[in-house]
Each structure stands twice: as structure tokens, then as C-alpha cells.
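A.B. asks: Pasting input_37.csv below, which is CSV, N, CA and C atoms.
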chain,number,residue,atom,x,y,z
A,1,MET,N,-32.2,-3.6,13.1
A,1,MET,CA,-31.3,-2.7,12.3
A,1,MET,C,-31.0,-3.2,10.9
A,2,TYR,N,-30.9,-2.4,9.9
A,2,TYR,CA,-30.7,-2.8,8.6
A,2,TYR,C,-29.3,-3.3,8.4
A,3,LYS,N,-29.1,-4.4,7.7
A,3,LYS,CA,-27.8,-5.0,7.5
A,3,LYS,C,-27.5,-5.0,6.0
A,4,THR,N,-26.4,-4.4,5.5
A,4,THR,CA,-26.1,-4.4,4.1
A,4,THR,C,-25.8,-5.8,3.7
A,5,GLU,N,-26.4,-6.3,2.7
A,5,GLU,CA,-26.1,-7.6,2.1
A,5,GLU,C,-24.8,-7.5,1.4
A,6,ILE,N,-24.0,-8.5,1.5
A,6,ILE,CA,-22.7,-8.5,0.8
A,6,ILE,C,-23.0,-9.1,-0.6
A,7,THR,N,-22.7,-8.3,-1.6
A,7,THR,CA,-22.8,-8.8,-3.0
A,7,THR,C,-21.5,-8.4,-3.7
A,8,ARG,N,-21.2,-9.0,-4.8
A,8,ARG,CA,-20.1,-8.7,-5.6
A,8,ARG,C,-20.1,-7.2,-5.9
A,9,GLU,N,-21.2,-6.6,-6.2
A,9,GLU,CA,-21.3,-5.2,-6.5
A,9,GLU,C,-21.0,-4.3,-5.3
A,10,ASN,N,-21.4,-4.7,-4.1
A,10,ASN,CA,-21.0,-4.0,-2.9
A,10,ASN,C,-19.5,-4.0,-2.7
A,11,VAL,N,-18.9,-5.1,-2.9
A,11,VAL,CA,-17.5,-5.2,-2.7
A,11,VAL,C,-16.7,-4.4,-3.7
A,12,VAL,N,-17.1,-4.5,-5.0
A,12,VAL,CA,-16.5,-3.7,-6.0
A,12,VAL,C,-16.6,-2.2,-5.7
A,13,GLU,N,-17.8,-1.8,-5.2
A,13,GLU,CA,-18.0,-0.4,-4.8
A,13,GLU,C,-17.1,0.0,-3.7
A,14,ALA,N,-17.0,-0.9,-2.7
A,14,ALA,CA,-16.1,-0.6,-1.5
A,14,ALA,C,-14.7,-0.5,-1.9
A,15,GLU,N,-14.2,-1.5,-2.8
A,15,GLU,CA,-12.8,-1.4,-3.3
A,15,GLU,C,-12.5,-0.1,-4.1
A,16,ASN,N,-13.5,0.3,-4.9
A,16,ASN,CA,-13.3,1.5,-5.7
A,16,ASN,C,-13.2,2.7,-4.7
A,17,LYS,N,-14.1,2.7,-3.7
A,17,LYS,CA,-14.1,3.8,-2.7
A,17,LYS,C,-12.8,3.8,-1.9
A,18,LEU,N,-12.3,2.7,-1.6
A,18,LEU,CA,-11.0,2.6,-0.9
A,18,LEU,C,-9.9,3.1,-1.8
A,19,PHE,N,-9.8,2.7,-3.0
A,19,PHE,CA,-8.8,3.1,-4.0
A,19,PHE,C,-8.8,4.6,-4.1
A,20,SER,N,-10.0,5.2,-4.3
A,20,SER,CA,-10.1,6.6,-4.5
A,20,SER,C,-9.6,7.4,-3.2
A,21,ALA,N,-9.9,6.8,-2.0
A,21,ALA,CA,-9.5,7.4,-0.8
A,21,ALA,C,-7.9,7.3,-0.6
A,22,GLN,N,-7.4,6.2,-1.0
A,22,GLN,CA,-5.9,6.0,-0.9
A,22,GLN,C,-5.2,7.0,-1.8
A,23,LEU,N,-5.7,7.2,-3.0
A,23,LEU,CA,-5.0,8.1,-4.0
A,23,LEU,C,-4.8,9.5,-3.4
A,24,VAL,N,-5.8,10.0,-2.6
A,24,VAL,CA,-5.8,11.4,-2.1
A,24,VAL,C,-5.6,11.5,-0.6
A,25,SER,N,-5.2,10.3,0.0
A,25,SER,CA,-5.1,10.2,1.4
A,25,SER,C,-6.2,10.8,2.2
A,26,ASN,N,-7.5,10.4,1.8
A,26,ASN,CA,-8.7,10.8,2.5
A,26,ASN,C,-8.8,10.0,3.8
A,27,VAL,N,-8.3,10.5,4.8
A,27,VAL,CA,-8.3,9.7,6.1
A,27,VAL,C,-9.7,9.5,6.6
A,28,GLU,N,-10.6,10.4,6.4
A,28,GLU,CA,-12.0,10.2,6.9
A,28,GLU,C,-12.6,9.0,6.2
A,29,ILE,N,-12.5,8.8,4.9
A,29,ILE,CA,-13.1,7.7,4.2
A,29,ILE,C,-12.3,6.4,4.6
A,30,LEU,N,-11.0,6.5,4.7
A,30,LEU,CA,-10.2,5.3,5.1
A,30,LEU,C,-10.7,4.8,6.5
A,31,ASP,N,-10.9,5.8,7.4
A,31,ASP,CA,-11.3,5.5,8.8
A,31,ASP,C,-12.6,4.7,8.8
A,32,GLN,N,-13.5,5.1,7.8
A,32,GLN,CA,-14.8,4.4,7.7
A,32,GLN,C,-14.7,3.0,7.2
A,33,LEU,N,-13.7,2.8,6.3
A,33,LEU,CA,-13.6,1.5,5.6
A,33,LEU,C,-12.7,0.5,6.3
A,34,LEU,N,-11.9,0.9,7.2
A,34,LEU,CA,-11.0,0.0,7.9
A,34,LEU,C,-11.5,-0.3,9.3
A,35,HIS,N,-11.6,-1.5,9.7
A,35,HIS,CA,-12.1,-1.9,11.0
A,35,HIS,C,-11.1,-1.5,12.0
A,36,ASP,N,-11.5,-1.1,13.2
A,36,ASP,CA,-10.6,-0.7,14.3
A,36,ASP,C,-9.6,-1.7,14.6
A,37,ASP,N,-9.9,-3.0,14.5
A,37,ASP,CA,-9.0,-4.1,14.8
A,37,ASP,C,-8.3,-4.7,13.6
A,38,LEU,N,-8.3,-3.9,12.5
A,38,LEU,CA,-7.6,-4.4,11.3
A,38,LEU,C,-6.2,-4.9,11.6
A,39,LEU,N,-5.9,-6.0,10.9
A,39,LEU,CA,-4.5,-6.4,10.9
A,39,LEU,C,-4.1,-6.7,9.4
A,40,ALA,N,-3.0,-6.2,9.0
A,40,ALA,CA,-2.5,-6.3,7.6
A,40,ALA,C,-1.0,-6.7,7.7
A,41,VAL,N,-0.6,-7.4,6.6
A,41,VAL,CA,0.8,-7.8,6.5
A,41,VAL,C,1.4,-7.2,5.3
A,42,ALA,N,2.5,-6.4,5.5
A,42,ALA,CA,3.2,-5.8,4.4
A,42,ALA,C,4.1,-6.7,3.7
A,43,PRO,N,4.7,-6.3,2.6
A,43,PRO,CA,5.5,-7.3,1.8
A,43,PRO,C,6.7,-7.8,2.5
A,44,LYS,N,7.3,-7.1,3.5
A,44,LYS,CA,8.5,-7.6,4.2
A,44,LYS,C,8.1,-8.3,5.5
A,45,GLY,N,6.8,-8.5,5.7
A,45,GLY,CA,6.3,-9.2,6.9
A,45,GLY,C,5.9,-8.3,8.0
A,46,GLU,N,6.0,-7.0,7.9
A,46,GLU,CA,5.6,-6.1,8.9
A,46,GLU,C,4.0,-6.2,9.2
A,47,ILE,N,3.6,-6.1,10.4
A,47,ILE,CA,2.2,-6.1,10.7
A,47,ILE,C,1.8,-4.7,10.8
A,48,ILE,N,0.7,-4.4,10.1
A,48,ILE,CA,0.2,-3.0,10.0
A,48,ILE,C,-1.2,-3.0,10.7
A,49,THR,N,-1.4,-2.0,11.5
A,49,THR,CA,-2.7,-1.8,12.1
A,49,THR,C,-3.5,-0.6,11.4
A,50,LYS,N,-4.7,-0.4,11.8
A,50,LYS,CA,-5.5,0.7,11.2
A,50,LYS,C,-4.8,2.0,11.6
A,51,GLU,N,-4.4,2.1,12.8
A,51,GLU,CA,-3.8,3.4,13.3
A,51,GLU,C,-2.5,3.7,12.5
A,52,MET,N,-1.7,2.7,12.2
A,52,MET,CA,-0.5,2.9,11.4
A,52,MET,C,-0.8,3.3,10.0
A,53,ASP,N,-1.8,2.7,9.4
A,53,ASP,CA,-2.2,3.0,8.0
A,53,ASP,C,-2.7,4.4,8.0
A,54,LEU,N,-3.6,4.8,8.9
A,54,LEU,CA,-4.1,6.2,8.9
A,54,LEU,C,-3.0,7.2,9.1
A,55,ASN,N,-2.1,6.9,10.0
A,55,ASN,CA,-1.0,7.8,10.3
A,55,ASN,C,-0.1,8.0,9.1
A,56,SER,N,0.1,7.0,8.3
A,56,SER,CA,0.9,7.2,7.1
A,56,SER,C,0.3,8.1,6.1
A,57,HIS,N,-1.1,8.1,6.1
A,57,HIS,CA,-1.8,9.0,5.2
A,57,HIS,C,-1.8,10.4,5.7
A,58,LYS,N,-2.0,10.5,7.0
A,58,LYS,CA,-2.0,11.8,7.7
A,58,LYS,C,-0.7,12.5,7.5
A,59,ALA,N,0.4,11.8,7.7
A,59,ALA,CA,1.8,12.3,7.6
A,59,ALA,C,2.2,12.5,6.1
A,60,LYS,N,1.4,12.0,5.2
A,60,LYS,CA,1.8,12.1,3.7
A,60,LYS,C,3.1,11.4,3.4
A,61,THR,N,3.4,10.3,4.2
A,61,THR,CA,4.6,9.5,3.9
A,61,THR,C,4.4,8.5,2.8
A,62,MET,N,3.1,8.3,2.4
A,62,MET,CA,2.8,7.4,1.3
A,62,MET,C,2.1,8.2,0.2
A,63,ILE,N,2.7,8.5,-0.9
A,63,ILE,CA,2.2,9.3,-2.0
A,63,ILE,C,2.1,8.4,-3.2
A,64,ILE,N,0.8,8.3,-3.7
A,64,ILE,CA,0.6,7.6,-5.0
A,64,ILE,C,0.4,8.6,-6.1
A,65,GLU,N,1.3,8.6,-7.0
A,65,GLU,CA,1.3,9.6,-8.1
A,65,GLU,C,0.4,9.1,-9.3
A,66,ASN,N,0.4,7.9,-9.6
A,66,ASN,CA,-0.3,7.3,-10.7
A,66,ASN,C,-0.6,5.9,-10.4
A,67,ALA,N,-1.9,5.5,-10.6
A,67,ALA,CA,-2.2,4.1,-10.2
A,67,ALA,C,-3.5,3.7,-10.9
A,68,SER,N,-3.7,2.4,-11.0
A,68,SER,CA,-4.9,1.8,-11.5
A,68,SER,C,-5.1,0.5,-10.8
A,69,ILE,N,-6.4,0.0,-10.7
A,69,ILE,CA,-6.6,-1.3,-10.1
A,69,ILE,C,-7.4,-2.2,-11.1
A,70,GLU,N,-7.2,-3.4,-10.8
A,70,GLU,CA,-8.0,-4.5,-11.5
A,70,GLU,C,-8.5,-5.4,-10.5
A,71,ILE,N,-9.8,-5.7,-10.4
A,71,ILE,CA,-10.3,-6.7,-9.5
A,71,ILE,C,-10.2,-8.1,-10.1
A,72,ASP,N,-9.3,-8.9,-9.5
A,72,ASP,CA,-9.1,-10.2,-10.0
A,72,ASP,C,-10.1,-11.3,-9.6
A,73,ASP,N,-10.6,-11.2,-8.3
A,73,ASP,CA,-11.5,-12.2,-7.9
A,73,ASP,C,-12.2,-11.7,-6.6
A,74,ILE,N,-13.4,-12.1,-6.4
A,74,ILE,CA,-14.2,-11.8,-5.2
A,74,ILE,C,-14.9,-13.1,-4.8
A,75,LYS,N,-14.8,-13.5,-3.6
A,75,LYS,CA,-15.5,-14.7,-3.1
A,75,LYS,C,-16.3,-14.2,-1.9
A,76,ILE,N,-17.6,-14.6,-1.8
A,76,ILE,CA,-18.5,-14.2,-0.7
A,76,ILE,C,-18.9,-15.4,0.1
A,77,MET,N,-18.7,-15.4,1.4
A,77,MET,CA,-19.1,-16.4,2.4
A,77,MET,C,-19.8,-15.8,3.5
A,78,GLY,N,-21.2,-15.9,3.5
A,78,GLY,CA,-22.0,-15.3,4.6
A,78,GLY,C,-21.8,-13.8,4.6
A,79,ASP,N,-21.4,-13.3,5.8
A,79,ASP,CA,-21.2,-11.9,6.0
A,79,ASP,C,-19.8,-11.4,5.7
A,80,THR,N,-19.0,-12.2,5.0
A,80,THR,CA,-17.6,-12.0,4.7
A,80,THR,C,-17.3,-12.1,3.3
A,81,ALA,N,-16.4,-11.3,2.7
A,81,ALA,CA,-16.0,-11.4,1.4
A,81,ALA,C,-14.5,-11.3,1.3
A,82,LEU,N,-13.9,-12.1,0.4
A,82,LEU,CA,-12.5,-12.1,0.1
A,82,LEU,C,-12.3,-11.4,-1.2
A,83,SER,N,-11.3,-10.5,-1.3
A,83,SER,CA,-11.1,-9.9,-2.6
A,83,SER,C,-9.6,-9.9,-2.9
A,84,ILE,N,-9.3,-10.1,-4.2
A,84,ILE,CA,-7.9,-10.1,-4.7
A,84,ILE,C,-7.9,-9.0,-5.8
A,85,ILE,N,-7.0,-8.0,-5.6
A,85,ILE,CA,-6.9,-6.8,-6.4
A,85,ILE,C,-5.5,-6.7,-6.9
A,86,THR,N,-5.3,-6.3,-8.1
A,86,THR,CA,-4.0,-6.0,-8.6
A,86,THR,C,-3.9,-4.5,-8.9
A,87,MET,N,-2.9,-3.8,-8.3
A,87,MET,CA,-2.7,-2.4,-8.5
A,87,MET,C,-1.4,-2.1,-9.2
A,88,THR,N,-1.5,-1.3,-10.2
A,88,THR,CA,-0.3,-0.8,-10.9
A,88,THR,C,-0.1,0.6,-10.4
A,89,ALA,N,1.0,0.9,-9.8
A,89,ALA,CA,1.2,2.2,-9.2
A,89,ALA,C,2.6,2.7,-9.3
A,90,LYS,N,2.7,4.0,-9.2
A,90,LYS,CA,4.0,4.7,-9.1
A,90,LYS,C,3.8,5.7,-8.0
A,91,GLY,N,4.8,5.8,-7.1
A,91,GLY,CA,4.7,6.7,-6.0
A,91,GLY,C,5.9,6.7,-5.1
A,92,ASN,N,5.7,7.1,-3.9
A,92,ASN,CA,6.8,7.3,-3.0
A,92,ASN,C,6.4,6.9,-1.6
A,93,VAL,N,7.1,6.0,-0.9
A,93,VAL,CA,6.8,5.6,0.4
A,93,VAL,C,8.0,6.0,1.3
A,94,MET,N,7.7,6.9,2.3
A,94,MET,CA,8.7,7.4,3.2
A,94,MET,C,10.0,7.8,2.5
A,95,GLY,N,9.9,8.5,1.4
A,95,GLY,CA,11.0,9.0,0.7
A,95,GLY,C,11.6,8.1,-0.3
A,96,THR,N,11.1,6.9,-0.4
A,96,THR,CA,11.7,5.9,-1.3
A,96,THR,C,10.7,5.7,-2.5
A,97,PRO,N,11.3,5.9,-3.7
A,97,PRO,CA,10.4,5.7,-4.9
A,97,PRO,C,9.9,4.3,-5.0
A,98,LEU,N,8.7,4.1,-5.5
A,98,LEU,CA,8.1,2.8,-5.6
A,98,LEU,C,7.3,2.8,-6.9
A,99,GLU,N,7.5,1.7,-7.6
A,99,GLU,CA,6.8,1.6,-8.9
A,99,GLU,C,6.7,0.1,-9.2
A,100,GLY,N,5.5,-0.3,-9.7
A,100,GLY,CA,5.3,-1.7,-10.1
A,100,GLY,C,3.9,-2.1,-10.0
A,101,ARG,N,3.7,-3.4,-10.0
A,101,ARG,CA,2.4,-4.1,-9.8
A,101,ARG,C,2.4,-4.7,-8.5
A,102,PHE,N,1.2,-4.6,-7.8
A,102,PHE,CA,1.1,-5.1,-6.4
A,102,PHE,C,-0.2,-5.9,-6.3
A,103,ARG,N,-0.2,-7.0,-5.6
A,103,ARG,CA,-1.3,-7.8,-5.4
A,103,ARG,C,-1.8,-7.7,-4.0
A,104,TYR,N,-3.1,-7.4,-3.8
A,104,TYR,CA,-3.7,-7.2,-2.5
A,104,TYR,C,-4.7,-8.3,-2.3
A,105,PHE,N,-4.7,-8.8,-1.0
A,105,PHE,CA,-5.7,-9.7,-0.6
A,105,PHE,C,-6.4,-9.1,0.6
A,106,ARG,N,-7.7,-8.9,0.5
A,106,ARG,CA,-8.4,-8.2,1.6
A,106,ARG,C,-9.6,-9.1,2.1
A,107,VAL,N,-9.9,-8.9,3.3
A,107,VAL,CA,-11.1,-9.6,3.9
A,107,VAL,C,-12.0,-8.5,4.4
A,108,TRP,N,-13.2,-8.5,3.7
A,108,TRP,CA,-14.3,-7.5,4.0
A,108,TRP,C,-15.3,-8.2,4.9
A,109,LYS,N,-15.8,-7.6,5.9
A,109,LYS,CA,-16.9,-8.1,6.7
A,109,LYS,C,-18.0,-7.1,6.9
A,110,ARG,N,-19.2,-7.6,6.9
A,110,ARG,CA,-20.4,-6.8,7.1
A,110,ARG,C,-20.5,-6.4,8.6
A,111,PHE,N,-20.7,-5.2,8.9
A,111,PHE,CA,-21.0,-4.7,10.2
A,111,PHE,C,-22.2,-3.8,10.1
A,112,ASP,N,-23.4,-4.3,10.5
A,112,ASP,CA,-24.6,-3.5,10.4
A,112,ASP,C,-24.8,-3.0,9.0
A,113,ASP,N,-24.6,-1.7,8.8
A,113,ASP,CA,-24.9,-1.1,7.5
A,113,ASP,C,-23.7,-0.8,6.7
A,114,SER,N,-22.6,-1.4,6.9
A,114,SER,CA,-21.4,-1.1,6.1
A,114,SER,C,-20.5,-2.3,6.0
A,115,LEU,N,-19.6,-2.2,5.1
A,115,LEU,CA,-18.5,-3.2,4.9
A,115,LEU,C,-17.2,-2.6,5.4
A,116,LYS,N,-16.4,-3.4,6.1
A,116,LYS,CA,-15.1,-2.9,6.6
A,116,LYS,C,-14.1,-4.0,6.4
A,117,ILE,N,-12.9,-3.5,6.2
A,117,ILE,CA,-11.7,-4.4,6.0
A,117,ILE,C,-11.3,-4.9,7.4
A,118,ILE,N,-11.2,-6.2,7.6
A,118,ILE,CA,-10.7,-6.7,8.9
A,118,ILE,C,-9.3,-7.3,8.8
A,119,GLY,N,-8.9,-7.6,7.5
A,119,GLY,CA,-7.6,-8.2,7.3
A,119,GLY,C,-7.1,-8.0,5.9
A,120,ALA,N,-5.8,-7.9,5.7
A,120,ALA,CA,-5.3,-7.7,4.4
A,120,ALA,C,-3.8,-8.1,4.3
A,121,SER,N,-3.3,-8.3,3.1
A,121,SER,CA,-1.9,-8.4,2.9
A,121,SER,C,-1.6,-8.0,1.5
A,122,PHE,N,-0.4,-7.6,1.2
A,122,PHE,CA,-0.1,-7.2,-0.2
A,122,PHE,C,1.4,-7.5,-0.4
A,123,MET,N,1.7,-7.7,-1.7
A,123,MET,CA,3.1,-8.0,-2.2
A,123,MET,C,3.3,-7.3,-3.5
A,124,GLN,N,4.6,-7.1,-3.8
A,124,GLN,CA,4.9,-6.6,-5.1
A,124,GLN,C,5.1,-7.8,-6.1
A,125,LEU,N,4.5,-7.7,-7.3
A,125,LEU,CA,4.7,-8.8,-8.2
A,125,LEU,C,5.9,-8.6,-9.0
A,126,PRO,N,6.5,-9.7,-9.5
A,126,PRO,CA,7.7,-9.5,-10.3
A,126,PRO,C,7.4,-8.9,-11.7
A,127,ASP,N,8.3,-8.2,-12.2
A,127,ASP,CA,8.1,-7.6,-13.6
A,127,ASP,C,7.9,-8.6,-14.7
In C-alpha cells, write the structure found in this file.

C.D. replies:
Amino acid sequence: MYKTEITRENVVEAENKLFSAQLVSNVEILDQLLHDDLLAVAPKGEIITKEMDLNSHKAKTMIIENASIEIDDIKIMGDTALSIITMTAKGNVMGTPLEGRFRYFRVWKRFDDSLKIIGASFMQLPD
């Protein structure tokens, strides 16, 4: 079976695909990019699963009104890549306005012909 080689370009493409899907809550694309056993840590220490992430997009409890990303760094180790992304965003999470810069740390792993996120964390950066 063909295996996608992990390159910086593959990870950049996957990050951009993820960002675009998050902006419009495209659950189908997010489902493809997030591994079923994903574990993520939110800014206040909450553990987020794939199901929780997808459900927040389905319920439209996370709305991003305006956002941009900058890829700060990507490190590749075998069939795994680590990415650090800075997102500047304005939106609403569960009725609470949210605005600022956020730093994301994601772990991408190759699974046959695709890259999937297996781990992540994010935090809001000080102004």
C-alpha cells in the first residue's frame, strides 16, 4: 500500500486544510484530519477528544469570524511531524466572545495514505 511521505510541504498543506475546515466547521474534513484516538489539551487543562471537537463544530458552539495563521515551525521525525502554529482570531466559543493570538502545538502522524493529528495543545498568548 502507498504511504504518504511526510515532508514540510505535506504538513503545511494539512495545516492549511485544517484551518480552512475549522473556519467553516467542515466536520467531514475535520473527521478525515483528526485521528480517532486524538487527545488535545485546551488552555485551562481540559482534555479534548476527537468526538468533542467534532461535536463543537456540529453544534456551532465555536464560531471563528476572522482569523489567520502563521506556521512557526515544523519538525519531522520518521512518520511523525510536530508543528507549531500561531493563529490570530476573533470569534465566539459557547456564547463567550474570544479574540487574540493563540499558539497551537500539533502532532501529525502518517497513516497509510494520509496525515492525521494524534495530539495537540493550544494556549492564548499574552497581548

A.B. asks: Can you list, as a PyMOL selection string, every residue of chain A that DSSP puts in strand (DSSP E)?

C.D. replies: chain A and resi 34-41+47-49+62-77+80-93+96-111+114-124

A.B. asks: Please, what distance in Å, to one decimal, runs between atom N of A:Ala59 and atom N of A:Ala40?

C.D. replies: 18.4 Å

A.B. asks: Atom N of A:Lys75 to atom CA of A:Glu99: how many Å, to one decimal?

C.D. replies: 26.9 Å

A.B. asks: Please report the interatomic distance between atom CA of A:Phe111 and atom CA of A:Glu28 in Å with one decimal.

C.D. replies: 17.7 Å

A.B. asks: Give as a VMD selection string every residue, naming chains and numbers as the document does, that has an atom within 7 Å of (-11.3, -6.2, 6.0), counting only C-alpha atoms.

C.D. replies: chain A and resid 34 to 35 38 106 to 109 116 to 120

A.B. asks: Contacts of stretch 6-13 of chain A at 8 Å or less, counting only N, CA and C atoms, minus same-chain residues fewer than 5 places along, as a ChimeraX atom specification?

C.D. replies: /A:18-19,71,74-81,83,108-110,115

A.B. asks: Could you save the residues just selected, with N, CA and C atoms, as a JSON list (two decimals), keeping the file's coordinate frame?

C.D. replies:
[["chain", "number", "residue", "atom", "x", "y", "z"],
["A", 18, "LEU", "N", -12.30, 2.70, -1.60],
["A", 18, "LEU", "CA", -11.00, 2.60, -0.90],
["A", 18, "LEU", "C", -9.90, 3.10, -1.80],
["A", 19, "PHE", "N", -9.80, 2.70, -3.00],
["A", 19, "PHE", "CA", -8.80, 3.10, -4.00],
["A", 19, "PHE", "C", -8.80, 4.60, -4.10],
["A", 71, "ILE", "N", -9.80, -5.70, -10.40],
["A", 71, "ILE", "CA", -10.30, -6.70, -9.50],
["A", 71, "ILE", "C", -10.20, -8.10, -10.10],
["A", 74, "ILE", "N", -13.40, -12.10, -6.40],
["A", 74, "ILE", "CA", -14.20, -11.80, -5.20],
["A", 74, "ILE", "C", -14.90, -13.10, -4.80],
["A", 75, "LYS", "N", -14.80, -13.50, -3.60],
["A", 75, "LYS", "CA", -15.50, -14.70, -3.10],
["A", 75, "LYS", "C", -16.30, -14.20, -1.90],
["A", 76, "ILE", "N", -17.60, -14.60, -1.80],
["A", 76, "ILE", "CA", -18.50, -14.20, -0.70],
["A", 76, "ILE", "C", -18.90, -15.40, 0.10],
["A", 77, "MET", "N", -18.70, -15.40, 1.40],
["A", 77, "MET", "CA", -19.10, -16.40, 2.40],
["A", 77, "MET", "C", -19.80, -15.80, 3.50],
["A", 78, "GLY", "N", -21.20, -15.90, 3.50],
["A", 78, "GLY", "CA", -22.00, -15.30, 4.60],
["A", 78, "GLY", "C", -21.80, -13.80, 4.60],
["A", 79, "ASP", "N", -21.40, -13.30, 5.80],
["A", 79, "ASP", "CA", -21.20, -11.90, 6.00],
["A", 79, "ASP", "C", -19.80, -11.40, 5.70],
["A", 80, "THR", "N", -19.00, -12.20, 5.00],
["A", 80, "THR", "CA", -17.60, -12.00, 4.70],
["A", 80, "THR", "C", -17.30, -12.10, 3.30],
["A", 81, "ALA", "N", -16.40, -11.30, 2.70],
["A", 81, "ALA", "CA", -16.00, -11.40, 1.40],
["A", 81, "ALA", "C", -14.50, -11.30, 1.30],
["A", 83, "SER", "N", -11.30, -10.50, -1.30],
["A", 83, "SER", "CA", -11.10, -9.90, -2.60],
["A", 83, "SER", "C", -9.60, -9.90, -2.90],
["A", 108, "TRP", "N", -13.20, -8.50, 3.70],
["A", 108, "TRP", "CA", -14.30, -7.50, 4.00],
["A", 108, "TRP", "C", -15.30, -8.20, 4.90],
["A", 109, "LYS", "N", -15.80, -7.60, 5.90],
["A", 109, "LYS", "CA", -16.90, -8.10, 6.70],
["A", 109, "LYS", "C", -18.00, -7.10, 6.90],
["A", 110, "ARG", "N", -19.20, -7.60, 6.90],
["A", 110, "ARG", "CA", -20.40, -6.80, 7.10],
["A", 110, "ARG", "C", -20.50, -6.40, 8.60],
["A", 115, "LEU", "N", -19.60, -2.20, 5.10],
["A", 115, "LEU", "CA", -18.50, -3.20, 4.90],
["A", 115, "LEU", "C", -17.20, -2.60, 5.40]]

A.B. asks: Using only C-alpha atoms, which of the listed residues (A:Val93, A:Val41, A:Leu23, A:Ile85) sits closest to A:Thr61?

C.D. replies: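 Ranking A:Val93, A:Val41, A:Leu23, A:Ile85 by distance to A:Thr61, first place goes to A:Val93.
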
A.B. asks: Which residue gives the smallest distance to A:Leu54 among A:Gly91, A:Gln32, A:Val27, A:Glu70, with all atoms listed in the file counted?

C.D. replies: A:Val27

A.B. asks: Pull the alpha helix (DSSP H) assignments for chain A out of DSSP run on the backbone, and list those residues as a PyMOL selection string.

C.D. replies: chain A and resi 8-24+27-33+50-58
